[in-house]
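Working notes, beginning with the structure itself.
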Amino acid sequence: MDIADVSGYALSSPIDPVQNRAFFGGVRRLHKRDVVLVVVETRDGRRGFATAGASSSAMREYFEGDSQGTFADVVDDSVADALEGESIDEIADAHELIAQLPLPAHLRTEAISAVDVALYDLRGKELGAPIYELLADEYGTEPTTELPLYASAGMYMEPAGYVEQAAVLEEQGFFGYKYRPGIGPDGDRRTVDLLTDAADDIEIMLDVHTWWKLRDSYGRDTVSDLVDHAAERGVYWIEEPVAPDDYAGYAELAESGAPLAGGESESSPAGLVELAETGAVDFLQGDVRHHEGFTGCRDAIEFCDGRDVEFVPHNFGTWVGLQANAHLVAAAPDVSLLEYPVFEDDPALPDAETDPGMYPFDLAFEIIEGQPAIDDGHMTVSDVPGLGVDIDLDVREDYPFVDGPWTAFHYDE
Ligand SMILES: [Mg+2]
């Protein structure tokens with residue numbers, strides 16, 4: 001692949017009006033969601049696409065202070081300089097070229113991730129094969145293209161609100177319902193009770209990153225009690241119960257046998273494997289958009305294969321990222337479940353009396369022409385060559401970048 005052009009476009013999808021979500025001890029403000037669209041063009045005029053930046057752990061993105069505009073500039077400047085004019089034979093060669101750039105580590109990893117996905121898209125288009133076929137060849141597997149989805153929705157609601165969402169998503173056939181608690185220990189406990197009572201044919205997962213974001217207001221003992229309680233109620237997993245780098249905290253909580261999940265916030269593929277090696281997580285959440293693409297996720301997937309830890313991609317952002325992670329799930333050994341973030345007015349889901357979406361994120365849908373094939377909580381991965389999506393390049397004009405953080409936590413004094 002002879003690389004002629006590499007471009008990054010920072011885009012913002014406004015949340016208008018701005019939403020204020022009350023959590024225990026403060027308010028979280030949601031302004032917008034950001035996406036960086038990365039386009040790699042070869043000399044013969046083919047284009048490969050990837051998205052980055054919409055969704056690294058909300059927490060890291062907020063605290064590190066970089067804007068997605070910074071990342072798009074990095075792609076346009078130094079990443080483009082490193083790749084344009086190069087002839088890439090093995091996709092991993094592009095990793096080497098970017099790895100040599102004097103960039104902050106997290107931007108380098110994000111750039112490698114996006115370029116890896118875009119090059120797989122190009123390679124698939126060149127060979128006339130969907131990415132999952134390329135990956136299945138690498139892994140020596142038989143691809144499965146109909147994937148069960150778990151829905152990722154609710155954030156800081158009254159317990160009854162979560163129950164209502166779960167009921168809608170259960171009706172729509174999703175494997176699981178994942179939500180974000182953080183309304184206070186009593187409310188969080190009551191939510192687990194109500195959800196597990198009501199759930200008939202849907203698994204319940206908690207994404208509890210807010211618990212450790214609440215500074216000391218919950219405290220270690222409260223978190224430990226809540227984790228044990230959720231486990232006793234039979235939830236499927238409890239995600240990010242302590243700060244991502246607190247491996248000792250993970251190990252301590254895992255002693256009771258509670259099913260834990262984590263990994264999205266790991267800053268490198270090696271970090272993913274390290275977290276899995278602790279034995280403290282039952283579910284490892286790598287993401288092609290954050291862990292150096294299809295190439296980067298491979299070590300973690302091979303580590304999990306045949307062990308007591310299941311690789312379940314983290315996926316939170318646009319339908320481009322969804323497709324990318326779907327190809328991985330379709331081909332990787334022992335990987336079968338995919339995260340489906342639910343945003344308001346999702347055109348791929350059946351109409352329901354209550355919209356189970358978290359908040360508006362129109363760009364997530366509009367960045368591609370058409371929509372993913374979703375039926376009864378399953379997604380059929382496209383067999384069109386490459387990623388199998390047509391990017392709607394009009395989004396570059398329709399969703400201009402808005403500076404500033406997408407979300408902010410405001411704590412009561
Ligand atoms: Mg999460």
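Labeling convention for the structure tokens: chains A, B, ... as they appear, residues from 1 per chain, ligands from 1 in order of appearance.
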Could you give me, as a list in words, every polymer residue with an atom at most 7 Å away from an atom of ligand 1, counting only C-alpha atoms and all ligand atoms? Ser57, Asp207, His209, Glu239, Glu240 and Glu264 of chain A
List the neighbours of Tyr179 (chain A) out to 7 Å using only C-alpha atoms; skip same-chain residues closer than 6 positions along the sequence, and give me the result as a short mmCIF file (atom, residue, chain, number, x, y, z; two decimals) with N, CA and C atoms, in the first residue's frame.
data_model
loop_
_atom_site.label_atom_id
_atom_site.label_comp_id
_atom_site.auth_asym_id
_atom_site.auth_seq_id
_atom_site.Cartn_x
_atom_site.Cartn_y
_atom_site.Cartn_z
N SER A 152 -25.43 -0.75 26.15
CA SER A 152 -24.74 0.07 27.13
C SER A 152 -25.48 1.39 27.20
N ALA A 153 -26.12 1.66 28.32
CA ALA A 153 -26.99 2.84 28.38
C ALA A 153 -26.91 3.53 29.73
N GLY A 154 -28.00 3.54 30.47
CA GLY A 154 -28.27 4.34 31.67
C GLY A 154 -27.13 4.99 32.44
N MET A 155 -27.33 6.25 32.73
CA MET A 155 -26.37 7.00 33.55
C MET A 155 -27.11 7.83 34.59
N MET A 205 -25.17 -5.71 33.79
CA MET A 205 -23.77 -5.33 34.04
C MET A 205 -23.73 -3.92 34.61
N LEU A 206 -22.79 -3.69 35.53
CA LEU A 206 -22.61 -2.35 36.10
C LEU A 206 -21.29 -1.78 35.63
N ASP A 207 -21.33 -0.56 35.11
CA ASP A 207 -20.08 0.15 34.79
C ASP A 207 -19.92 1.21 35.88
#
Give me the region 96-201 of chain A side of the contact with region 363-386 of chain A, cut-off 10 Å, one line per residue showing its nearest atom pair and distance in Å at one decimal, counting only C-alpha atoms, sorted by chain and residue number, as JSON lines.
{"residue": "A:Val117", "atom": "CA", "partner": "A:Gly386", "partner_atom": "CA", "distance": 9.5}
{"residue": "A:Ala118", "atom": "CA", "partner": "A:Gly386", "partner_atom": "CA", "distance": 8.9}
{"residue": "A:Leu119", "atom": "CA", "partner": "A:Gly386", "partner_atom": "CA", "distance": 9.1}
{"residue": "A:Tyr120", "atom": "CA", "partner": "A:Gly386", "partner_atom": "CA", "distance": 6.6}
{"residue": "A:Asp121", "atom": "CA", "partner": "A:Gly386", "partner_atom": "CA", "distance": 4.1}
{"residue": "A:Leu122", "atom": "CA", "partner": "A:Gly386", "partner_atom": "CA", "distance": 6.3}
{"residue": "A:Arg123", "atom": "CA", "partner": "A:Gly386", "partner_atom": "CA", "distance": 6.8}
{"residue": "A:Gly124", "atom": "CA", "partner": "A:Gly386", "partner_atom": "CA", "distance": 3.9}
{"residue": "A:Lys125", "atom": "CA", "partner": "A:Gly386", "partner_atom": "CA", "distance": 4.9}
{"residue": "A:Glu126", "atom": "CA", "partner": "A:Pro385", "partner_atom": "CA", "distance": 8.1}
{"residue": "A:Leu127", "atom": "CA", "partner": "A:Pro385", "partner_atom": "CA", "distance": 7.7}
{"residue": "A:Gly128", "atom": "CA", "partner": "A:Pro385", "partner_atom": "CA", "distance": 5.0}
{"residue": "A:Ala129", "atom": "CA", "partner": "A:Pro385", "partner_atom": "CA", "distance": 4.3}
{"residue": "A:Pro130", "atom": "CA", "partner": "A:Pro385", "partner_atom": "CA", "distance": 4.1}
{"residue": "A:Ile131", "atom": "CA", "partner": "A:Gly386", "partner_atom": "CA", "distance": 5.1}
{"residue": "A:Tyr132", "atom": "CA", "partner": "A:Asp383", "partner_atom": "CA", "distance": 8.4}
{"residue": "A:Glu133", "atom": "CA", "partner": "A:Asp383", "partner_atom": "CA", "distance": 8.9}
{"residue": "A:Leu134", "atom": "CA", "partner": "A:Gly386", "partner_atom": "CA", "distance": 9.2}
{"residue": "A:Thr144", "atom": "CA", "partner": "A:Val381", "partner_atom": "CA", "distance": 8.8}
{"residue": "A:Thr145", "atom": "CA", "partner": "A:Val381", "partner_atom": "CA", "distance": 5.2}
{"residue": "A:Glu146", "atom": "CA", "partner": "A:Thr380", "partner_atom": "CA", "distance": 4.5}
{"residue": "A:Leu147", "atom": "CA", "partner": "A:Met379", "partner_atom": "CA", "distance": 5.2}
{"residue": "A:Pro148", "atom": "CA", "partner": "A:His378", "partner_atom": "CA", "distance": 4.5}
{"residue": "A:Leu149", "atom": "CA", "partner": "A:His378", "partner_atom": "CA", "distance": 5.5}
{"residue": "A:Tyr150", "atom": "CA", "partner": "A:Gly377", "partner_atom": "CA", "distance": 7.5}
{"residue": "A:Ala151", "atom": "CA", "partner": "A:Gly377", "partner_atom": "CA", "distance": 8.5}
{"residue": "A:Leu169", "atom": "CA", "partner": "A:Gly377", "partner_atom": "CA", "distance": 8.3}
{"residue": "A:Glu170", "atom": "CA", "partner": "A:Gly377", "partner_atom": "CA", "distance": 8.6}
{"residue": "A:Glu171", "atom": "CA", "partner": "A:Asp376", "partner_atom": "CA", "distance": 8.5}
{"residue": "A:Gln172", "atom": "CA", "partner": "A:Asp376", "partner_atom": "CA", "distance": 5.6}
{"residue": "A:Gly173", "atom": "CA", "partner": "A:Gly377", "partner_atom": "CA", "distance": 4.3}
{"residue": "A:Phe174", "atom": "CA", "partner": "A:Gly377", "partner_atom": "CA", "distance": 4.1}
{"residue": "A:Phe175", "atom": "CA", "partner": "A:Gly377", "partner_atom": "CA", "distance": 6.7}
{"residue": "A:Gly176", "atom": "CA", "partner": "A:Gly377", "partner_atom": "CA", "distance": 9.2}
What lies within 10 Å of Thr191 (chain A) using only C-alpha atoms, ignoring chain neighbours under 6 positions off, as a short mmCIF file (atom, residue, chain, number, x, y, z; two decimals) with C-alpha atoms, in the first residue's frame?
data_model
loop_
_atom_site.label_atom_id
_atom_site.label_comp_id
_atom_site.auth_asym_id
_atom_site.auth_seq_id
_atom_site.Cartn_x
_atom_site.Cartn_y
_atom_site.Cartn_z
CA MET A 157 -31.06 7.90 37.06
CA GLU A 158 -33.64 7.06 39.65
CA PRO A 159 -33.73 3.26 40.10
CA ALA A 160 -37.06 3.00 38.26
CA GLY A 161 -35.55 4.76 35.23
CA TYR A 162 -32.88 2.10 34.84
CA VAL A 163 -35.50 -0.62 35.18
CA PRO A 181 -24.67 3.82 38.84
CA ILE A 183 -26.57 7.98 42.80
CA PRO A 185 -24.90 3.70 48.05
CA ASP A 197 -35.68 -8.87 40.16
CA ALA A 230 -24.13 -6.97 43.14
#
Could you pull the residues within 8 Å of region 254-257 of chain A, counting only C-alpha atoms, minus those fewer than 3 positions along the same chain, as a PyMOL selection string? chain A and resi 228+231+250-251+260+280-281
In terms of the shortest atom-to-atom distance over only C-alpha atoms, which of A:Leu83, A:Ala352, A:Val273, A:Leu30 is closest to Ala167 (chain A)?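 Closest to Ala167 (chain A), using only C-alpha atoms: A:Ala352.
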Neighbouring residues of region 84-97 of chain A were defined as those with any atom within 9 Å, considering only C-alpha atoms; residues of the same chain fewer than 6 positions away were excluded. Please report them as a PDB file with N, CA and C atoms, in the first residue's frame.
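Below is the file selection_33.pdb, written as the result:
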ATOM      1  N   MET A   1       0.856  -1.187   0.000  1.00  0.00           N
ATOM      2  CA  MET A   1       0.000   0.000   0.000  1.00  0.00           C
ATOM      3  C   MET A   1       0.892   1.238   0.000  1.00  0.00           C
ATOM      4  N   ASP A   2       0.798   2.018  -1.083  1.00  0.00           N
ATOM      5  CA  ASP A   2       1.600   3.247  -1.182  1.00  0.00           C
ATOM      6  C   ASP A   2       0.796   4.415  -0.638  1.00  0.00           C
ATOM      7  N   ILE A   3       1.244   4.936   0.475  1.00  0.00           N
ATOM      8  CA  ILE A   3       0.448   5.951   1.173  1.00  0.00           C
ATOM      9  C   ILE A   3       0.667   7.323   0.544  1.00  0.00           C
ATOM     10  N   ALA A   4      -0.437   7.934   0.110  1.00  0.00           N
ATOM     11  CA  ALA A   4      -0.341   9.253  -0.518  1.00  0.00           C
ATOM     12  C   ALA A   4      -0.774  10.358   0.439  1.00  0.00           C
ATOM     13  N   ASP A   5      -1.750  10.065   1.283  1.00  0.00           N
ATOM     14  CA  ASP A   5      -2.276  11.138   2.133  1.00  0.00           C
ATOM     15  C   ASP A   5      -2.849  10.576   3.438  1.00  0.00           C
ATOM     16  N   VAL A   6      -2.591  11.275   4.527  1.00  0.00           N
ATOM     17  CA  VAL A   6      -3.174  10.920   5.822  1.00  0.00           C
ATOM     18  C   VAL A   6      -3.776  12.194   6.407  1.00  0.00           C
ATOM     19  N   THR A  42      -4.387   5.884  -0.502  1.00  0.00           N
ATOM     20  CA  THR A  42      -3.234   5.307  -1.202  1.00  0.00           C
ATOM     21  C   THR A  42      -3.067   5.978  -2.562  1.00  0.00           C
ATOM     22  N   ARG A  43      -1.929   5.692  -3.196  1.00  0.00           N
ATOM     23  CA  ARG A  43      -1.629   6.354  -4.466  1.00  0.00           C
ATOM     24  C   ARG A  43      -2.647   5.981  -5.551  1.00  0.00           C
ATOM     25  N   ALA A 111      -2.799   7.235  17.667  1.00  0.00           N
ATOM     26  CA  ALA A 111      -2.496   7.341  16.232  1.00  0.00           C
ATOM     27  C   ALA A 111      -2.255   5.959  15.629  1.00  0.00           C
ATOM     28  N   ILE A 112      -1.502   5.140  16.328  1.00  0.00           N
ATOM     29  CA  ILE A 112      -1.239   3.780  15.824  1.00  0.00           C
ATOM     30  C   ILE A 112      -2.565   3.029  15.684  1.00  0.00           C
ATOM     31  N   SER A 113      -3.436   3.204  16.671  1.00  0.00           N
ATOM     32  CA  SER A 113      -4.730   2.505  16.651  1.00  0.00           C
ATOM     33  C   SER A 113      -5.527   2.885  15.409  1.00  0.00           C
ATOM     34  N   VAL A 115      -4.541   4.338  12.592  1.00  0.00           N
ATOM     35  CA  VAL A 115      -3.895   3.978  11.327  1.00  0.00           C
ATOM     36  C   VAL A 115      -4.003   2.469  11.081  1.00  0.00           C
ATOM     37  N   ASP A 116      -3.873   1.685  12.122  1.00  0.00           N
ATOM     38  CA  ASP A 116      -4.008   0.232  11.967  1.00  0.00           C
ATOM     39  C   ASP A 116      -5.383  -0.132  11.396  1.00  0.00           C
ATOM     40  N   LEU A 119      -5.699   1.008   7.773  1.00  0.00           N
ATOM     41  CA  LEU A 119      -4.930   0.163   6.848  1.00  0.00           C
ATOM     42  C   LEU A 119      -5.595  -1.201   6.643  1.00  0.00           C
ATOM     43  N   TYR A 120      -6.203  -1.739   7.682  1.00  0.00           N
ATOM     44  CA  TYR A 120      -6.975  -2.982   7.495  1.00  0.00           C
ATOM     45  C   TYR A 120      -8.147  -2.734   6.545  1.00  0.00           C
ATOM     46  N   ARG A 123      -6.575  -2.676   3.162  1.00  0.00           N
ATOM     47  CA  ARG A 123      -6.129  -4.011   2.747  1.00  0.00           C
ATOM     48  C   ARG A 123      -7.315  -4.880   2.326  1.00  0.00           C
ATOM     49  N   GLU A 292      -4.082  -0.055  19.832  1.00  0.00           N
ATOM     50  CA  GLU A 292      -3.271  -0.238  18.631  1.00  0.00           C
ATOM     51  C   GLU A 292      -3.904  -1.152  17.592  1.00  0.00           C
ATOM     52  N   THR A 295      -4.063  -5.272  15.189  1.00  0.00           N
ATOM     53  CA  THR A 295      -2.741  -5.811  15.473  1.00  0.00           C
ATOM     54  C   THR A 295      -2.463  -5.769  16.974  1.00  0.00           C
TER      55      THR A 295
END
Tell me, in Å to one decimal, how far CA of His327 (chain A) is from CA of Tyr9 (chain A).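 We find that CA of His327 (chain A) and CA of Tyr9 (chain A) lie 23.6 Å from each other.
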Pick from A:Phe23, A:Tyr236, A:Phe71, A:Phe401: nearest to Tyr177 (chain A), with only C-alpha atoms counted? A:Tyr236
Residue contacts of Arg29 (chain A) (7 Å, only C-alpha atoms) excluding same-chain residues fewer than 3 positions away, as a list of chain:residue names: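 The contact residues come out as A:Val18, A:Gln19, A:Asn20, A:Arg21, A:Thr407, A:Ala408, A:Phe409.
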I need the residues of region 118-350 of chain A that end up classed as helix (DSSP H, G or I) by DSSP on the backbone, written out as a count of residues only. 107
Can you work out the spacing between CA of Glu232 (chain A) and CA of Glu310 (chain A) in Å, to one decimal?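 We find that CA of Glu232 (chain A) and CA of Glu310 (chain A) lie 20.6 Å from each other.
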From the options A:Tyr340, A:Ile202, A:Thr318, A:Ala136, which residue's atoms come nearest to Phe294 (chain A), counting only C-alpha atoms?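 The answer is A:Ala136, which sits nearest to Phe294 (chain A).
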Fewer than 3 positions away in the same chain doesn't count, so skip those; otherwise give me all residues within 9 Å of Thr109 (chain A), counting only C-alpha atoms, as a PyMOL selection string. chain A and resi 98-99+104-106+112-114+267-268+290-292
For CA of Ala52 (chain A) and CA of Arg28 (chain A), quote the distance in Å rounded to one decimal.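 That distance, rounded to one decimal, is 23.1 Å.
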May I ask which of the residues A:Glu339, A:Asp73, A:Asp34, A:Glu252 is the closest one to Ile15 (chain A), counting only C-alpha atoms?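 Nearest candidate to Ile15 (chain A) out of A:Glu339, A:Asp73, A:Asp34, A:Glu252: A:Asp34.
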